[in-house]
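Next up, query_19.cif (mmCIF, C-alpha atoms):
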```cif
data_my_file
#
loop_
_atom_site.label_atom_id
_atom_site.label_comp_id
_atom_site.auth_asym_id
_atom_site.auth_seq_id
_atom_site.Cartn_x
_atom_site.Cartn_y
_atom_site.Cartn_z
CA MET V 1346 100.42 27.70 -40.41
CA ALA V 1347 97.53 29.76 -41.46
CA LYS V 1348 94.80 27.69 -42.75
CA ILE V 1349 93.06 29.13 -45.75
CA LYS V 1350 89.42 28.70 -45.39
CA MET V 1351 87.53 28.32 -48.54
CA SER V 1352 84.11 29.79 -48.25
CA LYS V 1353 81.69 27.11 -49.18
CA LYS V 1354 79.56 28.31 -52.04
CA SER V 1355 76.38 26.76 -53.12
CA THR V 1356 76.71 24.92 -56.39
CA ARG V 1357 73.16 25.74 -57.35
CA VAL V 1358 72.53 28.36 -59.96
CA ASP V 1359 69.37 30.33 -60.11
CA MET V 1360 67.66 29.13 -63.24
CA THR V 1361 64.72 31.48 -63.14
CA ALA V 1362 66.08 34.01 -65.61
CA MET V 1363 67.32 31.35 -67.98
CA CYS V 1364 63.97 29.67 -67.86
CA ASP V 1365 62.25 32.95 -68.64
CA VAL V 1366 64.43 33.57 -71.66
CA ALA V 1367 64.03 30.04 -72.90
CA PHE V 1368 60.28 30.22 -72.79
CA LEU V 1369 60.23 33.65 -74.35
CA LEU V 1370 62.22 32.34 -77.29
CA LEU V 1371 60.10 29.25 -77.41
CA SER V 1372 56.89 31.23 -77.68
CA PHE V 1373 58.46 33.43 -80.36
CA PHE V 1374 59.37 30.46 -82.50
CA VAL V 1375 56.05 28.77 -82.00
CA MET V 1376 54.24 31.87 -83.14
CA THR V 1377 56.40 32.77 -86.14
CA SER V 1378 56.86 29.30 -87.50
CA THR V 1379 54.88 27.90 -90.32
CA ALA V 1380 55.48 24.23 -90.62
CA LYS V 1381 57.58 23.36 -93.62
CA LEU V 1382 55.33 21.91 -96.26
CA PRO V 1383 56.46 18.59 -97.56
CA GLU V 1384 57.31 18.65 -101.22
CA PRO V 1385 57.28 15.74 -103.62
CA MET V 1386 60.68 16.81 -104.98
CA GLU V 1387 63.59 18.29 -103.07
CA ILE V 1388 64.81 21.49 -104.69
CA GLU V 1389 67.84 23.57 -103.91
CA THR V 1390 67.21 27.04 -105.19
CA PRO V 1391 70.09 29.25 -106.35
CA ALA V 1392 70.87 32.37 -104.35
CA SER V 1393 70.55 35.99 -105.40
CA THR V 1394 70.91 39.42 -103.81
CA VAL V 1395 67.53 40.63 -104.94
CA GLN V 1396 64.99 40.74 -102.15
CA THR V 1397 61.53 40.75 -103.61
CA LYS V 1398 59.06 38.84 -101.55
CA LEU V 1399 56.87 36.30 -103.23
CA PRO V 1400 53.19 37.13 -103.18
CA GLU V 1401 51.35 34.90 -100.74
CA SER V 1402 48.13 34.37 -102.60
CA ASN V 1403 47.16 34.30 -106.24
CA LEU V 1404 50.33 32.47 -107.15
CA ALA V 1405 51.13 29.44 -109.24
CA THR V 1406 54.44 27.72 -108.63
CA LEU V 1407 56.28 25.73 -111.24
CA THR V 1408 58.90 23.57 -109.63
CA VAL V 1409 61.65 22.51 -112.02
CA GLY V 1410 64.22 19.88 -111.16
CA ASN V 1411 65.81 16.79 -112.73
CA GLY V 1412 63.99 17.52 -115.96
CA LYS V 1413 60.65 17.20 -114.21
CA VAL V 1414 58.12 19.93 -113.72
CA PHE V 1415 55.63 20.11 -110.87
CA PHE V 1416 52.71 22.46 -110.68
CA GLY V 1417 50.86 24.00 -107.79
CA VAL V 1418 48.51 26.89 -107.34
CA SER V 1419 47.48 28.68 -104.17
CA GLY V 1420 43.81 28.97 -103.35
CA ARG V 1421 41.73 25.85 -102.95
CA ASP V 1422 38.74 26.98 -104.96
CA VAL V 1423 40.98 27.88 -107.89
CA ARG V 1424 42.60 24.47 -107.60
CA SER V 1425 39.40 22.49 -107.69
CA GLU V 1426 37.92 24.52 -110.51
CA THR V 1427 41.12 24.05 -112.51
CA LEU V 1428 41.01 20.30 -112.00
CA LYS V 1429 37.39 20.20 -113.15
CA ARG V 1430 38.19 21.97 -116.38
CA MET V 1431 41.34 19.94 -116.97
CA GLY V 1432 39.24 16.81 -116.50
CA ASP V 1433 36.75 18.07 -119.07
CA LYS V 1434 39.50 18.87 -121.52
CA TYR V 1435 41.23 15.50 -121.26
CA SER V 1436 37.94 13.66 -120.71
CA VAL V 1437 38.83 12.29 -117.30
CA GLN V 1438 35.98 12.14 -114.83
CA PHE V 1439 36.52 13.29 -111.27
CA SER V 1440 33.97 12.83 -108.52
CA ASP V 1441 33.22 15.58 -106.03
CA LYS V 1442 35.15 13.66 -103.43
CA ASP V 1443 38.19 13.52 -105.68
CA ILE V 1444 38.02 17.23 -106.29
CA ALA V 1445 37.69 18.00 -102.59
CA LYS V 1446 40.73 15.85 -101.90
CA PHE V 1447 42.68 17.40 -104.74
CA ALA V 1448 42.10 20.86 -103.27
CA LEU V 1449 44.35 19.85 -100.38
CA ILE V 1450 47.29 18.89 -102.57
CA ASP V 1451 49.71 21.80 -102.83
CA ASN V 1452 51.97 20.51 -105.49
CA PHE V 1453 51.81 17.65 -107.91
CA GLY V 1454 53.56 16.26 -110.93
CA VAL V 1455 51.63 13.56 -112.74
CA ASP V 1456 49.88 13.03 -116.01
CA ILE V 1457 46.22 14.03 -115.76
CA ARG V 1458 45.26 10.45 -116.60
CA SER V 1459 46.97 9.11 -113.51
CA MET V 1460 45.71 11.95 -111.34
CA LYS V 1461 43.05 9.68 -109.82
CA GLN V 1462 45.65 7.27 -108.48
CA LEU V 1463 47.56 10.18 -107.01
CA ILE V 1464 44.47 11.51 -105.26
CA ASP V 1465 43.73 8.08 -103.81
CA MET V 1466 47.22 7.70 -102.39
CA LYS V 1467 48.00 8.36 -98.77
CA ASN V 1468 49.83 11.57 -97.98
CA ASP V 1469 53.22 10.12 -97.13
CA GLN V 1470 53.15 7.83 -100.11
CA ARG V 1471 52.37 10.73 -102.41
CA MET V 1472 55.29 12.75 -101.11
CA LYS V 1473 57.79 9.96 -101.55
CA GLU V 1474 60.48 10.90 -103.98
CA GLY V 1475 60.07 9.23 -107.33
CA THR V 1476 56.35 8.57 -107.02
CA GLN V 1477 55.46 11.47 -109.25
CA PRO V 1478 57.08 11.53 -112.68
CA GLY V 1479 56.40 15.18 -113.46
CA ILE V 1480 53.83 16.82 -115.70
CA PRO V 1481 54.31 16.16 -119.42
CA TYR V 1482 55.43 19.33 -121.18
CA ASP V 1483 56.71 18.29 -124.59
CA SER V 1484 55.15 19.61 -127.75
CA VAL V 1485 53.06 16.47 -128.38
CA ASN V 1486 51.51 16.32 -124.96
CA ASN V 1487 51.79 19.70 -123.34
CA GLN V 1488 49.68 19.36 -120.24
CA LEU V 1489 51.77 21.88 -118.33
CA ALA V 1490 50.72 24.63 -120.73
CA ASP V 1491 47.08 23.67 -120.19
CA TRP V 1492 47.43 23.68 -116.43
CA VAL V 1493 48.92 27.16 -116.53
CA LYS V 1494 46.42 28.42 -119.05
CA ILE V 1495 43.35 27.06 -117.30
CA SER V 1496 44.44 28.15 -113.85
CA ARG V 1497 45.00 31.64 -115.23
CA GLU V 1498 41.54 31.66 -116.78
CA VAL V 1499 39.97 30.47 -113.54
CA THR V 1500 41.79 33.12 -111.51
CA LYS V 1501 40.71 35.77 -113.95
CA GLU V 1502 37.08 34.74 -113.63
CA MET V 1503 37.12 34.35 -109.87
CA ASP V 1504 39.26 37.26 -108.74
CA GLN V 1505 39.59 39.42 -111.85
CA LYS V 1506 43.35 39.24 -111.43
CA ASP V 1507 46.16 37.86 -113.50
CA LEU V 1508 47.73 34.88 -111.84
CA ASP V 1509 51.33 35.47 -110.74
CA ILE V 1510 53.73 32.74 -111.68
CA ALA V 1511 56.81 31.73 -109.75
CA ILE V 1512 59.47 29.44 -111.11
CA LYS V 1513 61.30 27.43 -108.53
CA GLY V 1514 64.22 25.87 -110.27
CA ASP V 1515 66.97 23.66 -108.96
CA ALA V 1516 70.37 25.32 -109.07
CA LYS V 1517 71.84 22.44 -111.05
CA GLU V 1518 69.01 22.19 -113.52
CA GLU V 1519 70.17 22.39 -117.11
CA TYR V 1520 69.12 25.52 -118.88
CA PRO V 1521 67.18 23.88 -121.76
CA THR V 1522 64.56 22.58 -119.31
CA VAL V 1523 64.13 26.03 -117.83
CA LYS V 1524 64.01 27.49 -121.30
CA LYS V 1525 61.18 25.15 -122.28
CA VAL V 1526 59.17 26.25 -119.27
CA LEU V 1527 59.85 29.91 -120.02
CA ASP V 1528 58.76 29.36 -123.61
CA ILE V 1529 55.49 27.80 -122.48
CA LEU V 1530 54.76 30.87 -120.40
CA GLN V 1531 55.78 33.27 -123.13
CA LYS V 1532 53.54 31.57 -125.63
CA GLN V 1533 50.66 32.51 -123.38
CA LYS V 1534 51.81 36.11 -123.25
CA LYS V 1535 52.93 35.71 -119.68
CA ASN V 1536 56.14 37.67 -119.78
CA ASN V 1537 56.55 38.59 -116.18
CA PHE V 1538 57.31 36.10 -113.49
CA PHE V 1539 59.17 35.46 -110.29
CA LEU V 1540 62.22 33.29 -109.92
CA VAL V 1541 62.38 31.82 -106.44
CA THR V 1542 65.87 32.25 -105.00
CA GLY V 1543 67.68 32.07 -101.72
CA LEU V 1544 69.51 35.00 -100.21
CA ARG V 1545 73.19 35.94 -100.34
CA SER V 1546 75.40 38.96 -100.00
CA GLU V 1547 77.04 40.73 -102.91
CA ASP V 1548 80.45 39.21 -102.24
CA PHE V 1549 80.30 36.05 -104.20
CA MET I 936 49.76 -3.06 -38.81
CA ALA I 937 51.12 0.08 -40.17
CA GLU I 938 50.86 2.96 -37.84
CA LEU I 939 51.03 6.53 -38.60
CA ASN I 940 53.60 8.29 -36.61
CA SER I 941 52.23 11.70 -35.99
CA GLY I 942 55.54 12.96 -34.79
CA GLY I 943 54.44 13.56 -31.26
CA ASP I 944 56.90 11.15 -29.72
CA SER I 945 59.44 13.67 -28.75
CA GLY I 946 57.65 14.06 -25.53
CA LYS I 947 57.46 17.84 -25.51
CA GLY I 948 53.79 18.48 -25.57
CA GLY I 949 53.23 17.50 -29.17
CA LYS I 950 54.09 20.81 -30.77
CA VAL I 951 53.86 20.35 -34.50
CA ARG I 952 56.63 22.07 -36.32
CA SER I 953 56.11 22.49 -39.98
CA LYS I 954 59.36 22.08 -41.78
CA LYS I 955 60.44 25.18 -43.59
CA ALA I 956 60.39 24.23 -47.25
CA ASN I 957 62.96 25.62 -49.58
CA PRO I 958 61.02 28.06 -51.79
CA SER I 959 63.22 27.70 -54.84
CA VAL I 960 62.22 24.96 -57.22
CA ASP I 961 64.74 23.10 -59.27
CA LEU I 962 64.23 24.50 -62.76
CA THR I 963 66.88 22.48 -64.55
CA ALA I 964 64.51 19.99 -66.09
CA MET I 965 62.15 22.71 -67.20
CA VAL I 966 64.95 24.65 -68.88
CA ASP I 967 66.12 21.48 -70.57
CA LEU I 968 62.70 20.89 -71.97
CA ALA I 969 62.29 24.49 -73.10
CA PHE I 970 65.58 24.47 -74.98
CA LEU I 971 64.76 21.16 -76.56
CA LEU I 972 61.52 22.59 -77.90
CA ILE I 973 63.28 25.74 -79.10
CA THR I 974 65.77 23.67 -81.03
CA PHE I 975 62.96 21.68 -82.55
CA PHE I 976 61.13 24.78 -83.69
CA ILE I 977 64.23 26.47 -85.05
CA LEU I 978 65.06 23.43 -87.11
CA THR I 979 61.60 22.79 -88.47
CA THR I 980 60.59 26.34 -89.13
CA THR I 981 61.08 28.12 -92.38
CA LEU I 982 61.77 31.47 -90.89
CA SER I 983 60.37 33.68 -93.60
CA LYS I 984 58.93 33.38 -97.00
CA PRO I 985 61.37 32.60 -99.79
CA GLN I 986 62.96 35.45 -101.66
CA SER I 987 62.41 35.88 -105.33
CA MET I 988 63.58 37.93 -108.25
CA ASN I 989 61.41 39.45 -110.86
CA LEU I 990 62.06 38.56 -114.45
CA ALA I 991 60.39 40.30 -117.35
CA MET I 992 60.81 38.83 -120.79
CA PRO I 993 60.01 40.52 -124.08
CA ASP I 994 56.96 39.56 -126.11
CA GLU I 995 57.20 36.39 -128.11
CA PRO I 996 57.87 37.73 -131.64
CA LYS I 997 60.87 39.70 -130.46
CA ILE I 998 62.60 36.56 -129.27
CA GLY I 999 64.94 35.13 -131.80
CA ASP I 1000 65.86 38.31 -133.52
CA PRO I 1001 69.36 39.22 -132.48
CA THR I 1002 70.54 42.62 -131.42
CA PRO I 1003 68.03 45.16 -132.60
CA PRO I 1004 69.66 46.86 -135.57
CA GLU I 1005 69.33 50.37 -134.21
CA THR I 1006 71.61 49.64 -131.27
CA PRO I 1007 75.16 50.61 -132.17
CA ALA I 1008 77.82 47.99 -131.58
CA TRP I 1009 79.74 49.93 -128.93
CA ARG I 1010 76.67 50.05 -126.76
CA THR I 1011 76.06 46.33 -126.55
CA LEU I 1012 77.66 43.74 -124.36
CA THR I 1013 76.95 40.11 -125.11
CA ILE I 1014 77.47 37.49 -122.44
CA VAL I 1015 77.41 33.85 -123.49
CA LEU I 1016 77.01 31.40 -120.63
CA GLY I 1017 79.00 28.22 -120.98
CA SER I 1018 79.62 25.18 -118.81
CA ASP I 1019 81.79 24.85 -115.67
CA GLY I 1020 80.70 28.21 -114.31
CA LYS I 1021 82.47 30.06 -117.10
CA LEU I 1022 81.23 32.59 -119.61
CA VAL I 1023 82.44 34.49 -122.64
CA TRP I 1024 81.71 38.15 -123.20
CA TYR I 1025 82.21 40.42 -126.16
CA SER I 1026 81.19 43.90 -127.18
CA GLY I 1027 79.41 44.47 -130.45
CA GLY I 1028 78.89 41.78 -133.07
CA LEU I 1029 80.80 38.53 -132.86
CA ASP I 1030 82.20 38.75 -136.39
CA ASN I 1031 83.59 42.19 -135.72
CA PRO I 1032 83.78 42.68 -131.96
CA VAL I 1033 84.70 46.04 -130.46
CA ASP I 1034 86.16 44.29 -127.45
CA GLY I 1035 86.69 40.65 -126.53
CA PRO I 1036 85.72 37.84 -126.81
CA THR I 1037 87.15 36.99 -123.43
CA VAL I 1038 86.50 34.11 -121.05
CA SER I 1039 85.49 35.11 -117.55
CA THR I 1040 83.63 33.85 -114.50
CA TYR I 1041 80.69 34.98 -112.42
CA GLY I 1042 80.74 37.22 -109.40
CA LYS I 1043 83.01 39.80 -107.92
CA ALA I 1044 86.20 38.30 -109.25
CA GLY I 1045 84.82 37.88 -112.74
CA ILE I 1046 82.34 39.74 -114.83
CA ARG I 1047 81.20 42.38 -112.37
CA ASP I 1048 83.99 44.90 -112.79
CA LEU I 1049 83.79 44.54 -116.52
CA ILE I 1050 80.08 45.36 -116.58
CA ILE I 1051 80.60 48.37 -114.32
CA ASN I 1052 83.46 49.64 -116.48
CA LYS I 1053 81.54 49.14 -119.69
CA LYS I 1054 78.58 50.94 -118.25
CA LYS I 1055 80.77 53.89 -117.24
CA LEU I 1056 82.32 53.96 -120.69
CA VAL I 1057 78.98 53.99 -122.47
CA ASP I 1058 77.56 56.55 -120.10
CA ALA I 1059 80.55 58.83 -120.61
CA ARG I 1060 80.27 58.58 -124.36
CA ASN I 1061 76.54 59.24 -124.19
CA LYS I 1062 77.11 62.26 -122.00
CA ALA I 1063 79.66 63.63 -124.44
CA GLY I 1064 77.19 63.12 -127.27
CA GLY I 1065 74.38 64.71 -125.30
CA ARG I 1066 72.21 61.62 -125.43
CA ASP I 1067 69.74 60.30 -122.92
CA LEU I 1068 71.56 58.03 -120.46
CA GLU I 1069 68.48 56.03 -119.56
CA LYS I 1070 67.17 55.42 -123.01
CA GLU I 1071 70.41 54.88 -124.83
CA GLY I 1072 72.38 53.22 -122.08
CA ILE I 1073 74.30 49.98 -122.35
CA THR I 1074 72.36 46.96 -123.54
CA VAL I 1075 73.40 43.59 -122.21
CA ILE I 1076 72.47 40.52 -124.21
CA ILE I 1077 72.44 37.29 -122.24
CA LYS I 1078 72.77 34.07 -124.16
CA PRO I 1079 72.49 31.01 -121.95
CA SER I 1080 73.83 27.98 -123.77
CA GLU I 1081 72.46 24.48 -123.48
CA LYS I 1082 75.36 23.51 -121.29
CA SER I 1083 74.78 26.19 -118.71
CA ASN I 1084 72.55 25.57 -115.74
CA TYR I 1085 69.83 27.48 -114.00
CA LYS I 1086 72.20 28.79 -111.34
CA ASN I 1087 74.34 30.46 -113.98
CA PHE I 1088 71.26 32.13 -115.39
CA VAL I 1089 70.17 33.44 -111.99
CA ASP I 1090 73.75 34.53 -111.26
CA ILE I 1091 73.94 36.66 -114.35
CA LEU I 1092 70.50 38.18 -113.74
CA ASP I 1093 71.66 38.94 -110.24
CA GLU I 1094 74.73 40.62 -111.68
CA MET I 1095 72.42 42.85 -113.72
CA ALA I 1096 70.62 43.82 -110.52
CA ILE I 1097 73.87 44.52 -108.66
CA THR I 1098 75.43 46.63 -111.38
CA GLY I 1099 72.17 48.42 -112.09
CA ILE I 1100 71.85 47.53 -115.75
CA LYS I 1101 68.38 48.57 -116.87
CA LYS I 1102 68.38 47.14 -120.35
CA TYR I 1103 69.09 43.48 -120.74
CA ALA I 1104 67.59 40.72 -122.78
CA THR I 1105 67.78 36.97 -122.87
CA VAL I 1106 68.34 35.75 -126.38
CA ASP I 1107 68.80 32.34 -127.97
CA MET I 1108 72.23 31.10 -128.95
CA THR I 1109 73.53 31.20 -132.49
CA ASP I 1110 75.83 28.64 -134.06
CA ALA I 1111 78.67 31.12 -133.96
CA ASP I 1112 78.27 31.42 -130.22
CA VAL I 1113 78.39 27.64 -129.83
CA LYS I 1114 81.63 27.59 -131.83
CA LEU I 1115 83.02 30.33 -129.64
CA LEU I 1116 82.27 28.32 -126.52
CA GLU I 1117 83.67 25.16 -128.06
CA SER I 1118 86.92 26.86 -128.99
CA ASN I 1119 87.28 27.93 -125.37
CA ASN I 1120 86.49 24.43 -124.05
CA ILE I 1121 83.50 25.52 -122.05
CA TYR I 1122 80.81 23.69 -123.98
CA GLN I 1123 80.94 20.25 -122.41
#
```
Please, can you express the file's structure as structure tokens?
Amino acid sequence: MAKIKMSKKSTRVDMTAMCDVAFLLLSFFVMTSTAKLPEPMEIETPASTVQTKLPESNLATLTVGNGKVFFGVSGRDVRSETLKRMGDKYSVQFSDKDIAKFALIDNFGVDIRSMKQLIDMKNDQRMKEGTQPGIPYDSVNNQLADWVKISREVTKEMDQKDLDIAIKGDAKEEYPTVKKVLDILQKQKKNNFFLVTGLRSEDF
Amino acid sequence: MAELNSGGDSGKGGKVRSKKANPSVDLTAMVDLAFLLITFFILTTTLSKPQSMNLAMPDEPKIGDPTPPETPAWRTLTIVLGSDGKLVWYSGGLDNPVDGPTVSTYGKAGIRDLIINKKKLVDARNKAGGRDLEKEGITVIIKPSEKSNYKNFVDILDEMAITGIKKYATVDMTDADVKLLESNNIYQ
């Protein structure tokens, strides 16, 4: 009987190419990634087909979800100047240290009177869901309108530009809340803004 | 105690033979690590900046007044957003609609074809009358109700972008619109 001889092949695979590719991809991702900023409220934005990019600087973001509104503005110097003036307006005193710390907070949602406690909190505690109750925006105590107004004034003085405003709403948010926010902006003659959305194709 | 064996015991003159090392290194662990890191970065990264859509609203005093009187009824299309992802549309005034009111949904299967058809209709009529298509084109009035959500609002604005409607406005609801939604069971 003829004996079939199996040629003995080495089980080892040359990993060099695979390793090259893996590291190439790795370096790509390391370079392109910007770490996801933690947000005090999780938001799921609705999707749209429109592809306008958000401006990177000179932008205030109003985050709307669960009936709460959070506010954040890009640019640290604008932030600290805004806090100073808000403090003056609501007669809350902030030390220089407070203001310096506040400049590092991207997004917040508290009454100006409890802003000090928020600044003193540790980072992870601040970002915990439910810690921040949202900025008051009803007609009696409309701090949100003041935040927007003052940050716009500050931007105008510092950069001679009108502050762009982005609204980042939760897909399930009821329309009346959004409407209230839109009304606040319109009262200040801010009629043009960005709605932050995800991306989708036209077949929905 | 311990002695070092220099390998010269073979008794052949102590010729040192360096062992030929295999030049290929085992890369498996390295590849494992690299892919682990890739996965980590893919998951944590937000690949690009978020998309956005531009929304321009009219000046404050204009809000609240319904269809501007100079717009003829056949040129307007009103879309009332209700609950459950449903909407009602009608052409012209609600008390004397040219077309509708009809319940529909969002997206390709719903309102999109209607908007495109209406636009064609208005454009054709404008062309026949020798009017300016841009200036006197179809006007869409969007009325988000209190029971609609933000997604509905973005959806309908998106629909405007897809169908290329240039003139649209967001207007407050009237009581008649609420009744219309209630009668169609989409105001819950």
> Once the PyMOL selection byres ((chain I) within 9 of (chain V)) has been applied to the shown file, what residues remain in the selection, as JSON, numbers by chain?
Replying inline: {"I": [959, 961, 962, 963, 965, 966, 967, 969, 970, 972, 973, 974, 976, 977, 979, 980, 981, 982, 983, 984, 985, 986, 987, 988, 989, 990, 991, 992, 993, 994, 995, 1041, 1042, 1043, 1044, 1079, 1080, 1081, 1082, 1083, 1084, 1085, 1086, 1087, 1088, 1089, 1090, 1092, 1093, 1094, 1096, 1097]}
> When you draw a straight line from atom CA of V:Ser1419 to atom CA of V:Ala1405, how long is it in Å?
Replying inline: 6.3 Å
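Take atom CA of I:Lys1078 and atom CA of I:Val1015: the distance between them is 4.7 Å.
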> What is the distance between atom CA of V:Arg1458 and atom CA of V:Ser1402, in Å to one decimal?
Replying inline: 27.9 Å
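Minimum atom-to-atom distances from V:Phe1439, V:Val1526, V:Met1351, V:Asp1433 to V:Asp1483 were compared using only C-alpha atoms, and the lowest value belongs to V:Val1526.
The residue set within 6 Å of V:Arg1497, counting all atoms listed in the file and dropping same-chain residues fewer than 3 places from it, reads Lys1494, Thr1500 and Leu1508 of chain V.
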Selection file, C-alpha atoms, as a PDB file, in the coordinates of the input:
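So the final result, stored in out_5.pdb, reads:
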```pdb
ATOM      1  CA  LYS V1494      46.420  28.420-119.050  1.00  0.00           C
ATOM      2  CA  THR V1500      41.790  33.120-111.510  1.00  0.00           C
ATOM      3  CA  LEU V1508      47.730  34.880-111.840  1.00  0.00           C
TER       4      LEU V1508
END
```
>> Take the PyMOL selection byres ((chain I and resi 1022) around 10), run it mentally on this structure, and tell me the resulting residues as a PyMOL selection string.
In response: chain I and resi 1014-1021+1023-1024+1036-1041+1045-1046+1078-1080+1083+1087+1091+1116+1119+1121-1122
Expected file contents, prior selection, C-alpha atoms, as a short mmCIF file (atom, residue, chain, number, x, y, z; two decimals), in the frame of the given file:
```
data_model
loop_
_atom_site.label_atom_id
_atom_site.label_comp_id
_atom_site.auth_asym_id
_atom_site.auth_seq_id
_atom_site.Cartn_x
_atom_site.Cartn_y
_atom_site.Cartn_z
CA ILE I 1014 77.47 37.49 -122.44
CA VAL I 1015 77.41 33.85 -123.49
CA LEU I 1016 77.01 31.40 -120.63
CA GLY I 1017 79.00 28.22 -120.98
CA SER I 1018 79.62 25.18 -118.81
CA ASP I 1019 81.79 24.85 -115.67
CA GLY I 1020 80.70 28.21 -114.31
CA LYS I 1021 82.47 30.06 -117.10
CA VAL I 1023 82.44 34.49 -122.64
CA TRP I 1024 81.71 38.15 -123.20
CA PRO I 1036 85.72 37.84 -126.81
CA THR I 1037 87.15 36.99 -123.43
CA VAL I 1038 86.50 34.11 -121.05
CA SER I 1039 85.49 35.11 -117.55
CA THR I 1040 83.63 33.85 -114.50
CA TYR I 1041 80.69 34.98 -112.42
CA GLY I 1045 84.82 37.88 -112.74
CA ILE I 1046 82.34 39.74 -114.83
CA LYS I 1078 72.77 34.07 -124.16
CA PRO I 1079 72.49 31.01 -121.95
CA SER I 1080 73.83 27.98 -123.77
CA SER I 1083 74.78 26.19 -118.71
CA ASN I 1087 74.34 30.46 -113.98
CA ILE I 1091 73.94 36.66 -114.35
CA LEU I 1116 82.27 28.32 -126.52
CA ASN I 1119 87.28 27.93 -125.37
CA ILE I 1121 83.50 25.52 -122.05
CA TYR I 1122 80.81 23.69 -123.98
#
```
Would you compute an axis-aligned box for stretch 1372-1378 of chain V, covering every atom listed for it in the file with 6 Å of margin on each side, and report centre and edge lengths in Å to one decimal as JSON?
```
{"center_x": 56.8, "center_y": 31.1, "center_z": -82.6, "size_x": 17.1, "size_y": 16.7, "size_z": 21.8}
```
>> With only C-alpha atoms as the counted atoms, please give the residues lying no more than 12 Å from V:Glu1384, apart from itself and same-chain residues fewer than 5 positions off, as a VMD selection string.
In response: chain V and resid 1389 1408 1415 to 1417 1450 to 1454 1468 to 1477
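With distances taken over all atoms listed in the file, V:Ile1464 is the one residue among V:Ile1464, V:Ile1457, V:Gly1420, V:Lys1350 lying closest to V:Asp1441.
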> Do you know which residues are at most 12 Å from I:Arg1060 counting all atoms listed in the file, after dropping those on the same chain fewer than 5 positions away, and could you put them as a PyMOL selection string?
Replying inline: chain I and resi 1009-1010+1053-1055+1065-1068+1071-1073
